[in-house]
Amino acid sequence: NEIQRLGQKNEMGEKQRRETRSRDPKSRTTSWLRFKESASDYRYFPDPDLPLLELDQRLLKQVIEDLVELPMATEDRFRNLFGLKENDAITLCRTTDLADYFESCMKAVRPKVELSPEKLGPLAANWILGPVLRAVGGQDSGLADLALGPNELAQIIKLQALDKINRTVARKMVDTVLAGGLSDGVFKIPADSGPDSALPKIDLEEICEEVLNCHEEEVQEYLKGKTGLLNFFVGLVLSRAGASVEAHEVREIIVGKLCRK
């Protein structure tokens, strides 16, 4: 980003020139447009019809206190407090709707679960950046009308974080609520939700991560457009899992991880 670019120029002893630059929000980088003229060339001069403005210090203090947290500061807080990956934090902070949904979910689940925020944060991010965003077609503004609100998702995360349900059961709960089937019985733990009914998500996540880490060359080919390799990754995970897991579940996890690389 721009802070790093300017820092590198300073470290190399390069002279900083006043310039106008364009910014690409997707890559978060800037490019040179033109050099600025000197201040005298702009012919700045005081306006004789405008008196000097003296700001009250109490007003300045109040304005500072009322300032909202900027996106970059929120990204840093999400990474440091909740242990999120950089790309996940950036995505969650792209709009206030999405950032507020994530933070509301974390506030709802934290008092109920004596687990570190570093464990709960990535768990919540995976659900929000996966099924939740797909349910609203990637339109963050639609989160407010979603049946699966932060409080409902927090209940599912609580059960999953305490290993009372596995990912398969959690996904059924998520799908049920998203489909408008919210009822008192939705969040009850099924009798077959133990570790033998399906592979717990944390194990499946680790296996997917290991497969991708062991095949970095294929990952790079996939990112360049060779999407057929997705079946290759899914097959490796299924062969390693050694348990009854569904291919679509593995595919969803791998796609999510590949999208963040």
# chains A, B, ... in the order shown; residues from 1 in each chain; ligands from 1
>>> select_by_dssp(residues="stretch 8-196 of chain A", states="strand (DSSP E or B)", output="list in words")
Glu19, Thr20, Arg21, Ser22, Arg23, Asp24, Thr29, Thr30, Ser31, Trp32, Leu33, Arg34 and Phe35 of chain A
>>> residues_around(residues="A:Leu70", least_positions_apart="5", cutoff="12 Å", atoms="only C-alpha atoms", output="VMD selection string")
chain A and resid 75 to 77 93 to 96 99
>>> residues_around(residues="A:Ile3", least_positions_apart="6", cutoff="12 Å", atoms="only C-alpha atoms", output="VMD selection string")
chain A and resid 9 to 10 28 to 30 72
>>> select_by_dssp(residues="stretch 19-168 of chain A", states="alpha helix (DSSP H)", output="PyMOL selection string")
chain A and resi 57-66+71-82+86-92+96-109+117-127+133-135+150-161+167-168
>>> atom_distance(atom1="atom CA of A:Leu148", atom2="atom CA of A:Lys107")
15.6 Å
>>> closest_residue(among="A:Leu212, A:Phe233, A:Glu54, A:Trp127", to="A:Ala170", atoms="only C-alpha atoms")
A:Trp127
